[in-house]
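Asks: Below you'll find coords20.cif; it's mmCIF, C-alpha atoms.
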```cif
data_input
#
loop_
_atom_site.group_PDB
_atom_site.id
_atom_site.type_symbol
_atom_site.label_atom_id
_atom_site.label_comp_id
_atom_site.auth_asym_id
_atom_site.auth_seq_id
_atom_site.Cartn_x
_atom_site.Cartn_y
_atom_site.Cartn_z
ATOM 1 C CA MET A 1 112.631 82.730 85.129
ATOM 2 C CA ASP A 2 112.135 81.342 88.620
ATOM 3 C CA ARG A 3 108.349 81.621 88.930
ATOM 4 C CA LYS A 4 108.335 80.222 92.451
ATOM 5 C CA ARG A 5 110.682 82.928 93.728
ATOM 6 C CA SER A 6 108.737 85.684 91.958
ATOM 7 C CA ILE A 7 105.528 84.384 93.555
ATOM 8 C CA GLU A 8 107.214 84.422 96.986
ATOM 9 C CA LEU A 9 108.372 88.016 96.504
ATOM 10 C CA LEU A 10 104.961 89.127 95.255
ATOM 11 C CA ASN A 11 103.212 87.388 98.157
ATOM 12 C CA ASP A 12 105.577 89.127 100.590
ATOM 13 C CA ALA A 13 104.567 92.419 98.985
ATOM 14 C CA ALA A 14 100.854 91.558 99.151
ATOM 15 C CA ARG A 15 101.136 90.707 102.851
ATOM 16 C CA ASP A 16 103.073 93.921 103.483
ATOM 17 C CA GLU A 17 100.443 95.954 101.663
ATOM 18 C CA LEU A 18 97.619 94.243 103.576
ATOM 19 C CA GLN A 19 99.414 95.128 106.796
ATOM 20 C CA ALA A 20 99.553 98.760 105.666
ATOM 21 C CA VAL A 21 95.832 98.734 104.800
ATOM 22 C CA HIS A 22 94.924 97.417 108.256
ATOM 23 C CA GLN A 23 97.269 99.780 110.089
ATOM 24 C CA TYR A 24 96.247 102.848 108.096
ATOM 25 C CA MET A 25 92.532 102.169 108.462
ATOM 26 C CA TYR A 26 93.065 101.780 112.213
ATOM 27 C CA PHE A 27 94.791 105.167 112.194
ATOM 28 C CA HIS A 28 91.990 106.615 110.040
ATOM 29 C CA PHE A 29 89.292 105.476 112.480
ATOM 30 C CA HIS A 30 91.089 106.847 115.531
ATOM 31 C CA LEU A 31 92.118 110.142 113.946
ATOM 32 C CA ASP A 32 88.585 110.706 112.722
ATOM 33 C CA ASP A 33 87.269 109.937 116.202
ATOM 34 C CA GLN A 34 89.738 112.443 117.683
ATOM 35 C CA GLY A 35 88.563 115.135 115.270
ATOM 36 C CA PHE A 36 91.579 115.184 112.941
ATOM 37 C CA GLY A 37 89.576 114.988 109.690
ATOM 38 C CA PRO A 38 92.214 115.915 107.085
ATOM 39 C CA LEU A 39 94.839 113.618 108.594
ATOM 40 C CA ALA A 40 92.249 110.825 108.901
ATOM 41 C CA ALA A 41 91.310 111.315 105.234
ATOM 42 C CA LEU A 42 94.979 111.075 104.219
ATOM 43 C CA PHE A 43 95.307 107.699 105.921
ATOM 44 C CA LYS A 44 92.097 106.461 104.325
ATOM 45 C CA ARG A 45 93.185 107.596 100.850
ATOM 46 C CA ILE A 46 96.571 105.907 101.172
ATOM 47 C CA ALA A 47 94.982 102.716 102.554
ATOM 48 C CA ILE A 48 92.843 102.568 99.412
ATOM 49 C CA GLU A 49 95.960 103.003 97.261
ATOM 50 C CA GLU A 50 97.607 100.172 99.200
ATOM 51 C CA MET A 51 94.600 97.967 98.354
ATOM 52 C CA GLY A 52 95.392 98.629 94.694
ATOM 53 C CA HIS A 53 98.940 97.450 95.357
ATOM 54 C CA VAL A 54 97.607 94.174 96.763
ATOM 55 C CA GLU A 55 95.534 93.783 93.619
ATOM 56 C CA ARG A 56 98.512 94.358 91.308
ATOM 57 C CA ALA A 57 100.606 91.797 93.171
ATOM 58 C CA ALA A 58 97.719 89.304 93.242
ATOM 59 C CA GLU A 59 97.074 89.599 89.515
ATOM 60 C CA ARG A 60 100.730 88.852 88.769
ATOM 61 C CA ILE A 61 100.793 85.940 91.232
ATOM 62 C CA LEU A 62 97.770 84.407 89.527
ATOM 63 C CA PHE A 63 99.327 84.939 86.093
ATOM 64 C CA LEU A 64 102.363 83.005 87.328
ATOM 65 C CA ASN A 65 99.974 80.216 88.450
ATOM 66 C CA GLY A 66 100.570 80.882 92.133
ATOM 67 C CA ASP A 67 98.187 81.275 95.049
ATOM 68 C CA VAL A 68 97.683 84.640 96.708
ATOM 69 C CA GLU A 69 98.401 84.685 100.438
ATOM 70 C CA MET A 70 95.957 87.084 102.069
ATOM 71 C CA GLU A 71 97.363 87.222 105.601
ATOM 72 C CA PRO A 72 98.881 90.558 106.671
ATOM 73 C CA LYS A 73 102.529 90.487 107.810
ATOM 74 C CA GLY A 74 101.683 91.308 111.398
ATOM 75 C CA SER A 75 99.102 92.693 113.743
ATOM 76 C CA VAL A 76 97.919 96.277 113.980
ATOM 77 C CA GLU A 77 99.882 98.401 116.439
ATOM 78 C CA PRO A 78 97.465 100.218 118.769
ATOM 79 C CA ILE A 79 98.928 103.708 118.370
ATOM 80 C CA ARG A 80 96.594 106.592 119.214
ATOM 81 C CA ASP A 81 98.924 109.596 119.275
ATOM 82 C CA PRO A 82 98.703 111.442 115.923
ATOM 83 C CA GLU A 83 102.425 112.221 115.691
ATOM 84 C CA ALA A 84 103.348 108.607 116.525
ATOM 85 C CA MET A 85 100.869 107.391 113.887
ATOM 86 C CA VAL A 86 102.467 109.511 111.188
ATOM 87 C CA ALA A 87 105.967 108.472 112.274
ATOM 88 C CA LYS A 88 104.964 104.795 112.133
ATOM 89 C CA ALA A 89 103.461 105.254 108.660
ATOM 90 C CA ALA A 90 106.603 106.981 107.366
ATOM 91 C CA GLU A 91 108.707 104.136 108.763
ATOM 92 C CA MET A 92 106.460 101.529 107.121
ATOM 93 C CA GLU A 93 106.657 103.269 103.744
ATOM 94 C CA TRP A 94 110.443 103.572 103.863
ATOM 95 C CA GLU A 95 110.812 99.895 104.776
ATOM 96 C CA ALA A 96 108.580 98.994 101.829
ATOM 97 C CA VAL A 97 110.773 101.063 99.501
ATOM 98 C CA LYS A 98 113.866 99.189 100.666
ATOM 99 C CA ASP A 99 112.160 95.781 100.404
ATOM 100 C CA TYR A 100 110.705 96.471 96.955
ATOM 101 C CA ASN A 101 114.043 97.694 95.629
ATOM 102 C CA LYS A 102 115.589 94.375 96.665
ATOM 103 C CA ALA A 103 112.666 92.462 95.156
ATOM 104 C CA ALA A 104 112.929 94.384 91.873
ATOM 105 C CA GLN A 105 116.634 93.597 91.676
ATOM 106 C CA GLU A 106 116.001 89.934 92.384
ATOM 107 C CA CYS A 107 113.254 89.739 89.750
ATOM 108 C CA SER A 108 115.583 91.370 87.253
ATOM 109 C CA ALA A 109 118.313 88.838 88.047
ATOM 110 C CA ASN A 110 115.734 86.061 87.559
ATOM 111 C CA ALA A 111 114.679 87.405 84.119
ATOM 112 C CA ASP A 112 111.186 88.391 85.318
ATOM 113 C CA ALA A 113 110.815 91.876 83.865
ATOM 114 C CA ALA A 114 107.061 92.094 84.436
ATOM 115 C CA SER A 115 107.345 91.443 88.183
ATOM 116 C CA ARG A 116 110.310 93.845 88.317
ATOM 117 C CA GLN A 117 108.140 96.539 86.730
ATOM 118 C CA ILE A 118 105.417 95.960 89.306
ATOM 119 C CA PHE A 119 107.932 96.400 92.116
ATOM 120 C CA GLU A 120 109.320 99.536 90.475
ATOM 121 C CA SER A 121 105.841 101.065 90.256
ATOM 122 C CA LEU A 122 105.220 100.164 93.907
ATOM 123 C CA ILE A 123 108.502 101.849 94.854
ATOM 124 C CA SER A 124 107.372 105.054 93.187
ATOM 125 C CA ASP A 125 104.041 104.991 95.043
ATOM 126 C CA GLU A 126 105.645 104.147 98.386
ATOM 127 C CA GLU A 127 108.180 106.958 98.007
ATOM 128 C CA ARG A 128 105.298 109.365 97.359
ATOM 129 C CA HIS A 129 103.481 108.052 100.454
ATOM 130 C CA TYR A 130 106.657 108.426 102.505
ATOM 131 C CA ASP A 131 106.985 112.010 101.307
ATOM 132 C CA LEU A 132 103.389 112.783 102.319
ATOM 133 C CA PHE A 133 103.883 111.347 105.804
ATOM 134 C CA ASP A 134 107.289 112.985 106.174
ATOM 135 C CA GLN A 135 105.729 116.369 105.300
ATOM 136 C CA GLN A 136 103.054 115.810 107.958
ATOM 137 C CA LEU A 137 105.765 114.980 110.500
ATOM 138 C CA GLU A 138 107.673 118.128 109.581
ATOM 139 C CA ASN A 139 104.490 120.190 109.999
ATOM 140 C CA ILE A 140 103.808 118.657 113.393
ATOM 141 C CA LYS A 141 107.395 119.289 114.503
ATOM 142 C CA ARG A 142 107.411 122.832 113.129
ATOM 143 C CA PHE A 143 103.982 123.936 114.390
ATOM 144 C CA GLY A 144 103.372 121.452 117.221
ATOM 145 C CA HIS A 145 99.931 121.214 118.725
ATOM 146 C CA ASN A 146 98.831 124.260 116.717
ATOM 147 C CA TYR A 147 99.108 122.222 113.519
ATOM 148 C CA LEU A 148 97.145 119.347 115.007
ATOM 149 C CA ALA A 149 94.526 121.777 116.343
ATOM 150 C CA LEU A 150 94.022 123.109 112.815
ATOM 151 C CA GLN A 151 93.284 119.540 111.701
ATOM 152 C CA SER A 152 90.116 119.587 113.791
ATOM 153 C CA PHE A 153 88.603 122.338 111.625
ATOM 154 C CA GLY A 154 88.410 119.981 108.655
ATOM 155 C CA ARG A 155 86.025 117.568 110.339
ATOM 156 C CA ALA A 156 82.760 117.099 108.456
ATOM 157 C CA GLU A 157 79.454 117.492 110.188
ATOM 158 C CA PRO A 158 77.643 114.234 110.976
ATOM 159 C CA GLY A 159 75.784 113.048 107.889
ATOM 160 C CA ALA A 160 77.746 115.333 105.563
ATOM 161 C CA PRO A 161 79.616 113.751 102.639
ATOM 162 C CA GLU A 162 83.233 112.918 103.449
ATOM 163 C CA ALA A 163 85.898 115.111 101.871
ATOM 164 C CA ASP A 164 88.925 113.421 100.331
#
```
Would you write the structure of this file as structure tokens?
Replies:
Amino acid sequence: MDRKRSIELLNDAARDELQAVHQYMYFHFHLDDQGFGPLAALFKRIAIEEMGHVERAAERILFLNGDVEMEPKGSVEPIRDPEAMVAKAAEMEWEAVKDYNKAAQECSANADAASRQIFESLISDEERHYDLFDQQLENIKRFGHNYLALQSFGRAEPGAPEAD
């Protein structure tokens, strides 16, 4: 097994997941501010799941005696349009699926079944996230501003517990 290469692949994944956390929390803050509570909550929930992905990658990196790189892949894109946010998120998830499939194949070729399994579980989660964002995009396209207007009815009153 090529531990060094597995650590590189896992660190790439951790940086990708950190990027998603930052981007999705940015979207969460702005959607919540615009009154789109349910859509904001979706981004927050998925950002928390992405944090779990960082943790899984980090635990494996440490097991392989590597160091976890905690810098996101890039900077947050300042997108404020709800439809553009969802489109960006769907794109990010699909790119992750493609990258993690390649990483899983490479880990398999390098006889690192445990890292391969981590990538395979990430693929499953990212495909589910993609599906959620794709469904939101379809709803926005199908119902337009009416769908987004309905999102504003889910906003909690100030001081009320947040719905997930």
Asks: Between atom CA of A:Cys107 and atom CA of A:Gly52, measure the distance and give it in Å to one decimal.
Replies: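 Computed distance, atom CA of A:Cys107 to atom CA of A:Gly52, equals 20.6 Å.
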Asks: Determine the residue membership of the PyMOL selection byres ((chain A and resi 11) around 12) for the file above and supply it as a PyMOL selection string.
Replies: chain A and resi 4-10+12-18+53-62+64+66-73+100+103+115+119
Asks: To test your reading of the syntax: which residues would the PyMOL selection byres ((chain A and resi 81) around 12) return for the file shown? Reply as a VMD selection string.
Replies: chain A and resid 27 to 28 30 to 31 34 36 77 to 80 82 to 88 140 145 148
Asks: Distance atom CA of A:Ile118-atom CA of A:Met92, one decimal place?
Replies: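 Here the two named atoms are 18.7 Å from each other.
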Asks: Report, in Å with one decimal, the straight-line distance from atom CA of A:Glu127 to atom CA of A:Trp94.
Replies: 7.1 Å
Asks: Residues near A:Tyr147, anyone? I mean within 12 Å using only C-alpha atoms, not counting same-chain ones fewer than 4 positions away, as number ranges by chain.
Replies: A: 36, 38-39, 82-83, 136-143, 151-154
